[in-house]
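Have a look at the structure below before the remarks.
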Amino acid sequence: MKKFTYHTPAGIGEALELLAVYKEDSALVAGGTDVVIELNERKKTPAHVIDISRIDELRYIRQDTHIRIGALNTFAALEKDQWIRAMLPALHETVVHVGSPQIRNLGTIGGNVVNASVAGDSPTTLLAYGGELVLRSTKGERVMTIDEFNEGPGRCQIRPDELLTEVRIPMLNRNEGVGYFKIGKRKSLAIVVLAVSIYIKRSLDNRIEDCRVVLGAVGKHPMRVPEVEAALRDKPVARNVFRESLPLFTAVVQKTIATRPSVVYKREGVRGAAMGCFEQILSDFELA
Amino acid sequence: MEKITINFNLNGKDVVVLTEPNKRLVDFLREDMDLTSVKEGCGEGECGACTIIFNGEAVTSCLMLVGQAEGSQIVTLEGVSENGKPNYIQKAFMDVGAVQCGYCTPGMILAAKALLDKNPKAGDEEIKQAMSGNLCRCTGYAKIFQAVKTARDAKGALKHES
């Protein structure tokens, strides 16, 4: 590991001041589960390392118009949170399948989002939930949707002097449901081979009023699939409608990664993963 | 490069150490503190061999910088035995024959301890879940699982007697 100066800011303000000074020449350590490997393998060689892992003021989970999740919540903290389990079941389903217990005890949701890995677990679900990110610097604050934020792979819209402080999700009503389904090579310690997350809002006459369909680990970053969304809109919320949409998922995967060897597997797998999401939504709506 | 001072509690003792910051916690524990029970396997957090207990939770020490230890409580296998004798989990691993090459054993025992310290009556599924971040290259999982169940049951029996 290359030499660096180690900083341990006590709070957000101090962290932002360090970022304003050192910018590109610094690396942030939140949980460390990705960046420590990069430092150790000299893929990153910053002159300054800013360890924010003990900034407790970024560990909150609050609710007002949004469900607000401080960026330094670990996956284990989110997994144990009964309230997230009840209000955001698809996010709960996502975090319990991240890495291993050891990694969930260290890794943070903020780190997962900013790393912008092609195979990151939480961005797919956050995109389906219509999640937003709060980015802060000494100059102020800006809010961005996950859609705008992702550039991938490994790239996102965060500026070198900015800190992701909060991930927030609009409060859902009873007529809105979200499903998540991950395919990995095994249950634990598996990165995402393919993930699907789907949001559906149903109207009073049980039609699909709005929806967001998101594929993870198919493109450069989690992506919405307008073709499928358009096909679902205004149709009844019903299992047969969902089943009939499955060939569209296969077509999108085929088109997006046509030259990849994994296409043969993923174009089939996506049907099961999408149906898994739909089943969760049917169950949320008590239509299962 | 400026050195950093780390104050933390290691295996029950408060220690203050001056060290270079550009070091992973696994390397610091092995090389500076001579705690060679902490094994490095994959170096990417995928195998669990370097598992330690950090503020009561199992973590992979290959994914942490030494500076993250500041103010923490760390337990390695060296801190598990009681008065120089194997504790109940170590004893169960020996009685059941859950050790083959032994490389994964420190991490396995610490993952089990992190669970049983918090949840002495952990169910079988909770045990599988808690051990899911530790790989055994000898694939001796059945006996490892059996050992943790045996440890849980032995501890329950001891409490019952006293």
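Following the order of the structure tokens, chains are lettered A, B, ..., residues in each are numbered from 1, and ligands are numbered from 1.
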Quick one: contact table of chain A to chain B, 8 Å max, nearest atom pair and distance in Å to one decimal per residue, counting only C-alpha atoms, chain and number order, as a Markdown table?
```
| residue | atom | partner | partner_atom | distance |
| --- | --- | --- | --- | --- |
| A:Met1 | CA | B:Asn22 | CA | 5.8 |
| A:Lys2 | CA | B:Asn22 | CA | 6.7 |
| A:Lys3 | CA | B:Asn22 | CA | 5.8 |
| A:Phe4 | CA | B:Asn22 | CA | 6.5 |
| A:Thr5 | CA | B:Glu2 | CA | 6.4 |
| A:Tyr6 | CA | B:Pro21 | CA | 6.3 |
| A:Gly31 | CA | B:Met64 | CA | 7.8 |
| A:Gly32 | CA | B:Met64 | CA | 5.8 |
| A:Thr33 | CA | B:Leu63 | CA | 5.0 |
| A:Asp34 | CA | B:Leu63 | CA | 7.4 |
| A:Val36 | CA | B:Leu63 | CA | 5.5 |
| A:Ile37 | CA | B:Glu44 | CA | 6.5 |
| A:Asn40 | CA | B:Arg24 | CA | 7.7 |
| A:Asp51 | CA | B:Gln68 | CA | 7.6 |
| A:Ser53 | CA | B:Gln68 | CA | 7.3 |
| A:Gly99 | CA | B:Gly133 | CA | 7.8 |
| A:Ser100 | CA | B:Gly133 | CA | 4.6 |
| A:Pro101 | CA | B:Gly133 | CA | 5.9 |
| A:Gln102 | CA | B:Val59 | CA | 4.2 |
| A:Ile103 | CA | B:Val59 | CA | 6.5 |
| A:Asn105 | CA | B:Val59 | CA | 6.3 |
| A:Leu106 | CA | B:Val59 | CA | 6.8 |
| A:Ser188 | CA | B:Ser132 | CA | 6.0 |
| A:Leu189 | CA | B:Glu46 | CA | 6.0 |
```
Based on the selection just made, write C-alpha atoms of those residues as an mmCIF file, in the first residue's frame.
```
data_model
loop_
_atom_site.group_PDB
_atom_site.id
_atom_site.type_symbol
_atom_site.label_atom_id
_atom_site.label_comp_id
_atom_site.auth_asym_id
_atom_site.auth_seq_id
_atom_site.Cartn_x
_atom_site.Cartn_y
_atom_site.Cartn_z
ATOM 1 C CA MET A 1 0.000 0.000 0.000
ATOM 2 C CA LYS A 2 1.375 3.392 -0.980
ATOM 3 C CA LYS A 3 2.058 5.900 1.792
ATOM 4 C CA PHE A 4 -0.674 8.372 2.677
ATOM 5 C CA THR A 5 -1.708 10.812 5.354
ATOM 6 C CA TYR A 6 -4.587 9.467 7.401
ATOM 7 C CA GLY A 31 -16.873 0.661 5.329
ATOM 8 C CA GLY A 32 -13.667 -0.041 3.441
ATOM 9 C CA THR A 33 -14.838 -3.259 1.803
ATOM 10 C CA ASP A 34 -14.002 -2.050 -1.714
ATOM 11 C CA VAL A 36 -9.158 -1.063 1.077
ATOM 12 C CA ILE A 37 -8.666 -3.712 -1.625
ATOM 13 C CA ASN A 40 -3.804 -2.564 -1.072
ATOM 14 C CA ASP A 51 -11.694 7.724 7.185
ATOM 15 C CA SER A 53 -16.234 5.258 9.280
ATOM 16 C CA GLY A 99 -21.857 -10.392 0.468
ATOM 17 C CA SER A 100 -21.531 -12.242 3.768
ATOM 18 C CA PRO A 101 -22.335 -11.416 7.416
ATOM 19 C CA GLN A 102 -18.778 -10.044 7.798
ATOM 20 C CA ILE A 103 -19.148 -7.777 4.773
ATOM 21 C CA ASN A 105 -21.122 -5.609 9.206
ATOM 22 C CA LEU A 106 -18.669 -3.263 7.435
ATOM 23 C CA SER A 188 -23.623 -16.161 0.309
ATOM 24 C CA LEU A 189 -20.497 -14.330 -0.804
#
```
*Based on DSSP run over this structure's backbone, return all residues of stretch 2-160 of chain B in alpha helix (DSSP H), as a count of residues only.*
53
*Counting only C-alpha atoms, which of A:Asp81, A:Asn175, A:Glu166, A:Arg243 gets nearest to A:Arg136?*
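Ranking A:Asp81, A:Asn175, A:Glu166, A:Arg243 by distance to A:Arg136, first place goes to A:Glu166.
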Apply DSSP to the backbone of this structure and, from stretch 57-88 of chain B, keep only the residues in strand (DSSP E or B); write these as a PDB file with N, CA and C atoms, in the first residue's frame.
```
ATOM      1  N   GLU B  57     -18.984  -7.717  16.579  1.00  0.00           N
ATOM      2  CA  GLU B  57     -19.473  -8.241  15.308  1.00  0.00           C
ATOM      3  C   GLU B  57     -18.327  -8.894  14.530  1.00  0.00           C
ATOM      4  N   ALA B  58     -18.640  -9.971  13.812  1.00  0.00           N
ATOM      5  CA  ALA B  58     -17.643 -10.615  12.953  1.00  0.00           C
ATOM      6  C   ALA B  58     -17.370  -9.733  11.746  1.00  0.00           C
ATOM      7  N   VAL B  59     -16.103  -9.475  11.477  1.00  0.00           N
ATOM      8  CA  VAL B  59     -15.729  -8.699  10.281  1.00  0.00           C
ATOM      9  C   VAL B  59     -14.475  -9.327   9.666  1.00  0.00           C
ATOM     10  N   THR B  60     -14.250  -9.032   8.388  1.00  0.00           N
ATOM     11  CA  THR B  60     -13.052  -9.530   7.719  1.00  0.00           C
ATOM     12  C   THR B  60     -11.954  -8.463   7.831  1.00  0.00           C
ATOM     13  N   LEU B  65      -8.602  -0.874   7.287  1.00  0.00           N
ATOM     14  CA  LEU B  65      -7.322  -0.231   7.554  1.00  0.00           C
ATOM     15  C   LEU B  65      -7.069  -0.263   9.054  1.00  0.00           C
ATOM     16  N   GLN B  73     -13.027  -2.565  20.261  1.00  0.00           N
ATOM     17  CA  GLN B  73     -12.697  -3.784  21.008  1.00  0.00           C
ATOM     18  C   GLN B  73     -12.532  -4.888  19.983  1.00  0.00           C
ATOM     19  N   ILE B  74     -11.356  -5.512  20.008  1.00  0.00           N
ATOM     20  CA  ILE B  74     -11.073  -6.557  19.022  1.00  0.00           C
ATOM     21  C   ILE B  74     -10.770  -7.873  19.737  1.00  0.00           C
ATOM     22  N   VAL B  75     -11.354  -8.940  19.238  1.00  0.00           N
ATOM     23  CA  VAL B  75     -11.044 -10.270  19.770  1.00  0.00           C
ATOM     24  C   VAL B  75     -10.552 -11.139  18.611  1.00  0.00           C
ATOM     25  N   GLU B  82      -9.905 -19.586  27.708  1.00  0.00           N
ATOM     26  CA  GLU B  82     -10.133 -19.075  29.067  1.00  0.00           C
ATOM     27  C   GLU B  82      -9.120 -19.703  30.010  1.00  0.00           C
ATOM     28  N   LYS B  85      -7.070 -22.451  28.707  1.00  0.00           N
ATOM     29  CA  LYS B  85      -7.764 -23.688  28.279  1.00  0.00           C
ATOM     30  C   LYS B  85      -8.760 -23.350  27.179  1.00  0.00           C
TER      31      LYS B  85
END
```
*Please identify all polymer residues within 12 Å of B:Asn119, counting only C-alpha atoms, omitting same-chain residues fewer than 5 positions from it, and present them as a ChimeraX atom specification.*
/B:56,112-114,124,126-127,130,152,155-156
*Residue contacts of stretch 151-164 of chain A (6 Å, only C-alpha atoms) excluding same-chain residues fewer than 3 positions away, as a ChimeraX atom specification*: /A:19-20,23-24,115-118,134-137,220-221
Those residues you just picked out, can you put them in a file as a PDB file, in the first residue's frame with N, CA and C atoms?
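Final output, saved to again_19.pdb:
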```pdb
ATOM      1  N   LEU A  19     -12.259  17.265   2.205  1.00  0.00           N
ATOM      2  CA  LEU A  19     -12.530  16.967   0.793  1.00  0.00           C
ATOM      3  C   LEU A  19     -12.319  18.208  -0.076  1.00  0.00           C
ATOM      4  N   ALA A  20     -12.683  19.385   0.460  1.00  0.00           N
ATOM      5  CA  ALA A  20     -12.532  20.629  -0.299  1.00  0.00           C
ATOM      6  C   ALA A  20     -11.059  20.929  -0.556  1.00  0.00           C
ATOM      7  N   LYS A  23      -9.531  17.000  -2.496  1.00  0.00           N
ATOM      8  CA  LYS A  23     -10.271  16.607  -3.713  1.00  0.00           C
ATOM      9  C   LYS A  23      -9.805  15.277  -4.316  1.00  0.00           C
ATOM     10  N   GLU A  24      -9.334  15.304  -5.572  1.00  0.00           N
ATOM     11  CA  GLU A  24      -8.965  14.070  -6.292  1.00  0.00           C
ATOM     12  C   GLU A  24      -7.819  13.314  -5.625  1.00  0.00           C
ATOM     13  N   ASN A 115     -19.587   3.619  -5.241  1.00  0.00           N
ATOM     14  CA  ASN A 115     -18.673   2.757  -5.991  1.00  0.00           C
ATOM     15  C   ASN A 115     -19.175   2.461  -7.389  1.00  0.00           C
ATOM     16  N   ALA A 116     -20.495   2.521  -7.565  1.00  0.00           N
ATOM     17  CA  ALA A 116     -21.103   2.388  -8.893  1.00  0.00           C
ATOM     18  C   ALA A 116     -20.619   1.145  -9.631  1.00  0.00           C
ATOM     19  N   SER A 117     -20.479   0.051  -8.890  1.00  0.00           N
ATOM     20  CA  SER A 117     -20.107  -1.201  -9.552  1.00  0.00           C
ATOM     21  C   SER A 117     -21.229  -1.655 -10.477  1.00  0.00           C
ATOM     22  N   VAL A 118     -20.846  -2.275 -11.586  1.00  0.00           N
ATOM     23  CA  VAL A 118     -21.822  -2.843 -12.509  1.00  0.00           C
ATOM     24  C   VAL A 118     -22.709  -3.848 -11.763  1.00  0.00           C
ATOM     25  N   VAL A 134     -28.518  12.642  -1.615  1.00  0.00           N
ATOM     26  CA  VAL A 134     -28.165  13.982  -1.147  1.00  0.00           C
ATOM     27  C   VAL A 134     -26.644  14.073  -1.115  1.00  0.00           C
ATOM     28  N   LEU A 135     -26.110  15.008  -1.895  1.00  0.00           N
ATOM     29  CA  LEU A 135     -24.655  15.188  -1.994  1.00  0.00           C
ATOM     30  C   LEU A 135     -24.304  16.521  -1.371  1.00  0.00           C
ATOM     31  N   ARG A 136     -23.298  16.520  -0.487  1.00  0.00           N
ATOM     32  CA  ARG A 136     -22.940  17.779   0.177  1.00  0.00           C
ATOM     33  C   ARG A 136     -21.473  18.109  -0.028  1.00  0.00           C
ATOM     34  N   SER A 137     -21.203  19.411  -0.124  1.00  0.00           N
ATOM     35  CA  SER A 137     -19.823  19.899  -0.129  1.00  0.00           C
ATOM     36  C   SER A 137     -19.818  21.180   0.692  1.00  0.00           C
ATOM     37  N   LYS A 220     -24.150  -1.052 -18.130  1.00  0.00           N
ATOM     38  CA  LYS A 220     -23.014  -0.462 -17.424  1.00  0.00           C
ATOM     39  C   LYS A 220     -23.383  -0.042 -16.006  1.00  0.00           C
ATOM     40  N   HIS A 221     -24.661   0.143 -15.792  1.00  0.00           N
ATOM     41  CA  HIS A 221     -25.184   0.470 -14.469  1.00  0.00           C
ATOM     42  C   HIS A 221     -26.633   0.001 -14.461  1.00  0.00           C
TER      43      HIS A 221
END
```
So which residues touch B:Pro106 within 8 Å, counting only C-alpha atoms, skipping near sequence neighbours fewer than 2 positions away, as an mmCIF file with C-alpha atoms, in the first residue's frame?
```cif
data_model
loop_
_atom_site.group_PDB
_atom_site.id
_atom_site.type_symbol
_atom_site.label_atom_id
_atom_site.label_comp_id
_atom_site.auth_asym_id
_atom_site.auth_seq_id
_atom_site.Cartn_x
_atom_site.Cartn_y
_atom_site.Cartn_z
ATOM 1 C CA SER B 37 -4.184 -16.991 14.261
ATOM 2 C CA VAL B 38 -5.582 -14.283 11.979
ATOM 3 C CA LYS B 39 -5.144 -15.907 8.565
ATOM 4 C CA ALA B 49 -10.206 -16.718 7.104
ATOM 5 C CA THR B 51 -12.400 -12.934 10.542
ATOM 6 C CA THR B 76 -8.881 -12.757 17.866
ATOM 7 C CA LEU B 77 -8.622 -16.495 18.477
ATOM 8 C CA GLY B 102 -7.091 -25.890 10.240
ATOM 9 C CA TYR B 103 -6.634 -22.805 8.096
ATOM 10 C CA CYS B 104 -10.254 -21.701 8.292
ATOM 11 C CA MET B 108 -14.947 -20.242 11.901
ATOM 12 C CA ILE B 109 -14.621 -20.202 15.706
ATOM 13 C CA LEU B 110 -14.807 -16.399 15.817
#
```
*For atom CA of A:Gly177 and atom CA of A:Phe242, quote the distance in Å rounded to one decimal.*
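Computing it gives 14.0 Å between the two atoms.
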_Applying 8 Å and only C-alpha atoms, which residues near A:Asp25 remain after dropping the ones on its own chain fewer than 3 positions away? List them as a VMD selection string._
chain A and resid 22 46 to 48
*Excluding B:Tyr88 and residues on its chain fewer than 2 positions from it, collect all residues at most 6 Å away from it, counting only C-alpha atoms, and give them as a ChimeraX atom specification.*
/B:90-91,151
